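Asks: Sharing a structure with you now.
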Amino acid sequence: MKLPAGHSLRGRLLAFLLAAIFLAALVQGAIAYRGALVQTDEIFDYQLQRIAQSLASGNPLSSMGAEGGLLEDPAARDLIIQIWTPDGVRLFRSTPQLVLPERIVLGFSTVEAEGVTYRMYSLQAPLQIIQVAQDVRVRKSMARSLALRTIGPVAAMAPLLMLLVWWVVSRSLAPVDRARRQVASRQADDLSPVSEAGLPDEVRPLVHELNLLLDRVRRAFAAQKQFVGDAAHELRSPLAALKLQLQSLQRADGPHARELAVSRLAAGIDRAGRLVDQLLSLARQEAQGTALATLDLADVVRTALADVLPQARARGIDVGMEGAGSALVSGQEEALVLLVRNLLDNAVKYAPESGRVDVRLTADAQGTTLDVDDNGPGIPPSERGRVFDRFYRVQAADTPGSGLGLAIVRAIAQRHGASVELLDAPLGGLRARVRFPHPAT
């Protein structure tokens, strides 16, 4: 039996349990009624047999009572007694006006007389044959009465049991209804946990997972709110600079001044464009799922190197790659290319003119390690933890930037189950190290 999807759990439990109680009571009542009828019939047969045996154990009757017997009484017709001699002479009958058929069948049999069916038992004694008969209608009436009295308690207990089940189900599901009302009465911005007190064991894990989801959503909303605020703050400065550069272009009174203003305006637009690109990249990386595939990190590094080499050559920086020629990791290729490119871009940006940037891949039992070294000024150990925050830049840094590169690297690494740390490089500058776990099998 399939109930509609809209039915509540309480409705389903009540429907199934009450139906089960009703059917069980019906079957039990039918079985008890049938059993009572059979047992009553056996009791009456036993009584007929005992009456016959009691008469057989007494003194034999003489022929003087052949037409005699008890006075005619309607109640006497319910139980009829006849006694015969072995040669077929009737010695006694309890109802003078009613004569049973003279056919004698020893043991139990069913006979009809004057349209009435009788259950008869015949017993042959040494000197006589005794017949005891009972009206079948009387037997059935008494049997039904006893059977009804038997199923009476069942019929009385079934409604009480159904009422008890209704109360228990309603009482047991009251905490669930309370949790539903608690969630339904909330405002859209209320992401506090739902109370798990008093919930059934079957429902508590669901509410617990809901609370975990609410916590993740709350933290995501807080991060997005902070992100929007930081982005608005960071965009204000380049937009103000663009406005000033545009005003300088408008006030330029000579070809040289105009050319200088145009170049500054173009550089400002490029910086604003890079900032917007990084903001979008960070938002996209934090919002993407975790569907990963097995790929070669060495190929990812080569792709990122190809993107950064023009910038490195323009500044005369020597960029080299060494270590393992192949290293398998689980990840998204586009995201990992962005991670390596940001590390290389930072290394090239902060390395001095004609400097050096080394990339090393190492695969071992713990996983794969990517090191990006430069010979730039590095980052003081006291600030290495903060440079992963959005828009944070080292105070002493004189290289233009938005402070989003390492934040993007950390977001991508976390999504890939990797760790990022900043160390001192053998070249004298900074080493950015990313550790990837073995790819999932």
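Naming scheme: A, B, ... for chains in displayed order of the structure tokens; residues 1 onward per chain; ligands 1 onward as shown.
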Hey, what's within 10 Å of Val262 of chain A if we count only C-alpha atoms and toss same-chain stuff fewer than 5 positions away? As a JSON list (two decimals) with C-alpha atoms, in the first residue's frame, please?

Replies:
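The resulting file, out-v9.json, is reproduced below:
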```json
[["chain", "number", "residue", "atom", "x", "y", "z"],
["A", 245, "GLN", "CA", 43.91, 60.31, -14.09],
["A", 246, "LEU", "CA", 40.96, 61.17, -16.32],
["A", 248, "SER", "CA", 44.68, 64.95, -15.53],
["A", 249, "LEU", "CA", 44.08, 63.87, -19.12],
["A", 250, "GLN", "CA", 41.42, 66.54, -19.51],
["A", 252, "ALA", "CA", 46.74, 68.19, -20.20],
["A", 256, "HIS", "CA", 53.73, 65.14, -23.94],
["A", 257, "ALA", "CA", 51.49, 65.74, -20.93],
["A", 267, "ALA", "CA", 47.95, 51.47, -16.42],
["A", 268, "GLY", "CA", 45.22, 52.31, -13.91]]
```

Asks: Just the residues within 8 Å of Glu196 of chain A, please, counting only C-alpha atoms, with nothing from its chain fewer than 2 positions along; format it as a count of residues only.

Replies: 6

Asks: Find, counting only C-alpha atoms, the residue in A:Arg410, A:Glu42, A:Val387, A:Val372 that gets nearest to Ala425 of chain A.

Replies: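 Under the stated criterion, the closest residue is A:Val372.
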
Asks: Could you work out how far atom CA of Ala293 of chain A lies from atom CA of Ser330 of chain A, giving the answer in Å with one decimal?

Replies: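 Computing it gives 5.2 Å between the two atoms.
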
Asks: Name all residues at most 9 Å from Gly323 of chain A (count only C-alpha atoms; drop same-chain ones fewer than 5 positions away) and give them as number ranges by chain.

Replies: A: 359-363

Asks: Quick one: of A:Ala15, A:Leu79, A:Ala324, A:Ala407, who's nearest to Asp371 of chain A, counting only C-alpha atoms?

Replies: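 Among the listed residues, the smallest separation from Asp371 of chain A belongs to A:Ala324.
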
Asks: Go through segment 161-387 of chain A and collect every residue that DSSP, computed from the backbone, puts in strand (DSSP E); the answer should be as a ChimeraX atom specification.

Replies: /A:293-296,318-323,328-331,356-364,367-374

Asks: Do you have the atom CA of Leu295 of chain A-atom CA of Leu328 of chain A distance handy?

Replies: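 The value is 5.5 Å.
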
Asks: Take atom CA of Ser109 of chain A and atom CA of Phe92 of chain A and report the distance between them in Å, one decimal.

Replies: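 Those two atoms sit 19.9 Å apart.
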
Asks: Residues of segment 75-155 of chain A in helix (DSSP H, G or I) according to DSSP, as a list in words?

Replies: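 Here is the list: Ala75, Ala76, Arg77, Asp78, Val136, Arg137, Val138, Arg139, Lys140, Ser141, Met142, Ala143, Arg144, Ser145, Leu146, Ala147, Leu148, Arg149, Thr150, Ile151, Gly152, Pro153, Val154 and Ala155 of chain A.
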
Asks: Take the residues from that selection and put them in a file with N, CA, C and O atoms, as an mmCIF file, in the first residue's frame.

Replies:
```cif
data_model
loop_
_atom_site.group_PDB
_atom_site.id
_atom_site.type_symbol
_atom_site.label_atom_id
_atom_site.label_comp_id
_atom_site.auth_asym_id
_atom_site.auth_seq_id
_atom_site.Cartn_x
_atom_site.Cartn_y
_atom_site.Cartn_z
ATOM 1 N N ALA A 75 -40.174 -26.241 27.120
ATOM 2 C CA ALA A 75 -38.741 -26.335 27.350
ATOM 3 C C ALA A 75 -38.234 -27.757 27.232
ATOM 4 O O ALA A 75 -37.069 -27.986 26.947
ATOM 5 N N ALA A 76 -39.163 -28.776 27.460
ATOM 6 C CA ALA A 76 -38.741 -30.176 27.388
ATOM 7 C C ALA A 76 -38.425 -30.603 25.968
ATOM 8 O O ALA A 76 -37.753 -31.610 25.761
ATOM 9 N N ARG A 77 -38.939 -29.844 24.977
ATOM 10 C CA ARG A 77 -38.685 -30.218 23.588
ATOM 11 C C ARG A 77 -37.238 -29.924 23.195
ATOM 12 O O ARG A 77 -36.788 -30.375 22.145
ATOM 13 N N ASP A 78 -36.519 -29.129 24.007
ATOM 14 C CA ASP A 78 -35.127 -28.850 23.684
ATOM 15 C C ASP A 78 -34.242 -30.066 23.889
ATOM 16 O O ASP A 78 -33.238 -30.226 23.200
ATOM 17 N N VAL A 136 -31.022 -28.477 17.560
ATOM 18 C CA VAL A 136 -29.819 -27.813 17.047
ATOM 19 C C VAL A 136 -29.930 -26.303 17.187
ATOM 20 O O VAL A 136 -28.933 -25.615 17.447
ATOM 21 N N ARG A 137 -31.164 -25.755 17.051
ATOM 22 C CA ARG A 137 -31.323 -24.303 17.184
ATOM 23 C C ARG A 137 -30.959 -23.826 18.583
ATOM 24 O O ARG A 137 -30.360 -22.763 18.758
ATOM 25 N N VAL A 138 -31.305 -24.614 19.576
ATOM 26 C CA VAL A 138 -30.964 -24.251 20.950
ATOM 27 C C VAL A 138 -29.454 -24.286 21.133
ATOM 28 O O VAL A 138 -28.846 -23.397 21.757
ATOM 29 N N ARG A 139 -28.840 -25.334 20.603
ATOM 30 C CA ARG A 139 -27.384 -25.446 20.703
ATOM 31 C C ARG A 139 -26.696 -24.232 20.071
ATOM 32 O O ARG A 139 -25.787 -23.623 20.643
ATOM 33 N N LYS A 140 -27.161 -23.879 18.860
ATOM 34 C CA LYS A 140 -26.526 -22.767 18.157
ATOM 35 C C LYS A 140 -26.758 -21.443 18.870
ATOM 36 O O LYS A 140 -25.869 -20.577 18.922
ATOM 37 N N SER A 141 -27.966 -21.280 19.396
ATOM 38 C CA SER A 141 -28.268 -20.033 20.104
ATOM 39 C C SER A 141 -27.381 -19.875 21.340
ATOM 40 O O SER A 141 -26.807 -18.797 21.576
ATOM 41 N N MET A 142 -27.257 -20.945 22.100
ATOM 42 C CA MET A 142 -26.410 -20.885 23.289
ATOM 43 C C MET A 142 -24.932 -20.733 22.903
ATOM 44 O O MET A 142 -24.168 -20.017 23.559
ATOM 45 N N ALA A 143 -24.528 -21.413 21.801
ATOM 46 C CA ALA A 143 -23.137 -21.312 21.362
ATOM 47 C C ALA A 143 -22.816 -19.891 20.912
ATOM 48 O O ALA A 143 -21.743 -19.348 21.233
ATOM 49 N N ARG A 144 -23.734 -19.252 20.177
ATOM 50 C CA ARG A 144 -23.503 -17.873 19.744
ATOM 51 C C ARG A 144 -23.423 -16.933 20.937
ATOM 52 O O ARG A 144 -22.627 -15.994 20.969
ATOM 53 N N SER A 145 -24.270 -17.173 21.919
ATOM 54 C CA SER A 145 -24.248 -16.331 23.106
ATOM 55 C C SER A 145 -22.909 -16.440 23.831
ATOM 56 O O SER A 145 -22.314 -15.431 24.235
ATOM 57 N N LEU A 146 -22.432 -17.676 23.982
ATOM 58 C CA LEU A 146 -21.126 -17.855 24.621
ATOM 59 C C LEU A 146 -19.998 -17.250 23.777
ATOM 60 O O LEU A 146 -19.056 -16.650 24.308
ATOM 61 N N ALA A 147 -20.078 -17.402 22.441
ATOM 62 C CA ALA A 147 -19.035 -16.859 21.557
ATOM 63 C C ALA A 147 -19.007 -15.342 21.620
ATOM 64 O O ALA A 147 -17.932 -14.719 21.640
ATOM 65 N N LEU A 148 -20.190 -14.725 21.635
ATOM 66 C CA LEU A 148 -20.238 -13.258 21.726
ATOM 67 C C LEU A 148 -19.653 -12.770 23.036
ATOM 68 O O LEU A 148 -18.987 -11.732 23.081
ATOM 69 N N ARG A 149 -19.943 -13.518 24.115
ATOM 70 C CA ARG A 149 -19.333 -13.129 25.375
ATOM 71 C C ARG A 149 -17.810 -13.302 25.343
ATOM 72 O O ARG A 149 -17.084 -12.586 26.019
ATOM 73 N N THR A 150 -17.335 -14.233 24.524
ATOM 74 C CA THR A 150 -15.885 -14.446 24.404
ATOM 75 C C THR A 150 -15.206 -13.293 23.680
ATOM 76 O O THR A 150 -14.116 -12.844 24.060
ATOM 77 N N ILE A 151 -15.819 -12.816 22.585
ATOM 78 C CA ILE A 151 -15.180 -11.741 21.805
ATOM 79 C C ILE A 151 -15.507 -10.364 22.367
ATOM 80 O O ILE A 151 -15.002 -9.355 21.863
ATOM 81 N N GLY A 152 -16.356 -10.292 23.371
ATOM 82 C CA GLY A 152 -16.693 -8.995 23.959
ATOM 83 C C GLY A 152 -15.481 -8.223 24.458
ATOM 84 O O GLY A 152 -15.310 -7.040 24.140
ATOM 85 N N PRO A 153 -14.606 -8.875 25.252
ATOM 86 C CA PRO A 153 -13.414 -8.136 25.710
ATOM 87 C C PRO A 153 -12.528 -7.648 24.572
ATOM 88 O O PRO A 153 -11.950 -6.566 24.642
ATOM 89 N N VAL A 154 -12.426 -8.475 23.500
ATOM 90 C CA VAL A 154 -11.611 -8.052 22.354
ATOM 91 C C VAL A 154 -12.209 -6.808 21.712
ATOM 92 O O VAL A 154 -11.511 -5.848 21.380
ATOM 93 N N ALA A 155 -13.537 -6.819 21.525
ATOM 94 C CA ALA A 155 -14.202 -5.670 20.916
ATOM 95 C C ALA A 155 -14.098 -4.424 21.792
ATOM 96 O O ALA A 155 -14.031 -3.300 21.294
#
```

Asks: Check the smallest atom-to-atom distance from each of A:Ala413, A:Leu406, A:Val217, A:Leu173 to Asn346 of chain A using only C-alpha atoms, then report the winner.

Replies: A:Leu406

Asks: With distances taken over only C-alpha atoms, which of A:Gly325, A:Thr117, A:Leu338, A:Arg218 is nearest to Val308 of chain A?

Replies: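 Result for the nearest residue to Val308 of chain A: A:Leu338.
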
Asks: Excluding Gly378 of chain A and any residue of its chain fewer than 6 positions from it, enumerate the residues within 12 Å of it, using only C-alpha atoms, and give them as a list in words.

Replies: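 Using only C-alpha atoms, the neighbours found are Asn346, Ala347, Lys349, Tyr350, Ala351, Pro352, Arg384, Val387, Val394, Ala396, Ala397, Leu422, Leu423, Asp424, Ala425, Pro426, Leu427, Gly428, Gly429, Leu430, Arg431 and Ala432 of chain A.
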
Asks: Given only C-alpha atoms as the basis, pick out the residue of A:Asp364, A:Glu353, A:Asp296, A:Asp358 nearest to Gln332 of chain A.

Replies: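 Checking each of A:Asp364, A:Glu353, A:Asp296, A:Asp358 against Gln332 of chain A, counting only C-alpha atoms, the winner is A:Asp296.
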
Asks: My list of candidates is A:Val340, A:Val169, A:Ile129, A:Val329. Which is closest to Leu91 of chain A when distances are computed with only C-alpha atoms?

Replies: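 Residue with the minimum atom-to-atom distance to Leu91 of chain A: A:Ile129.
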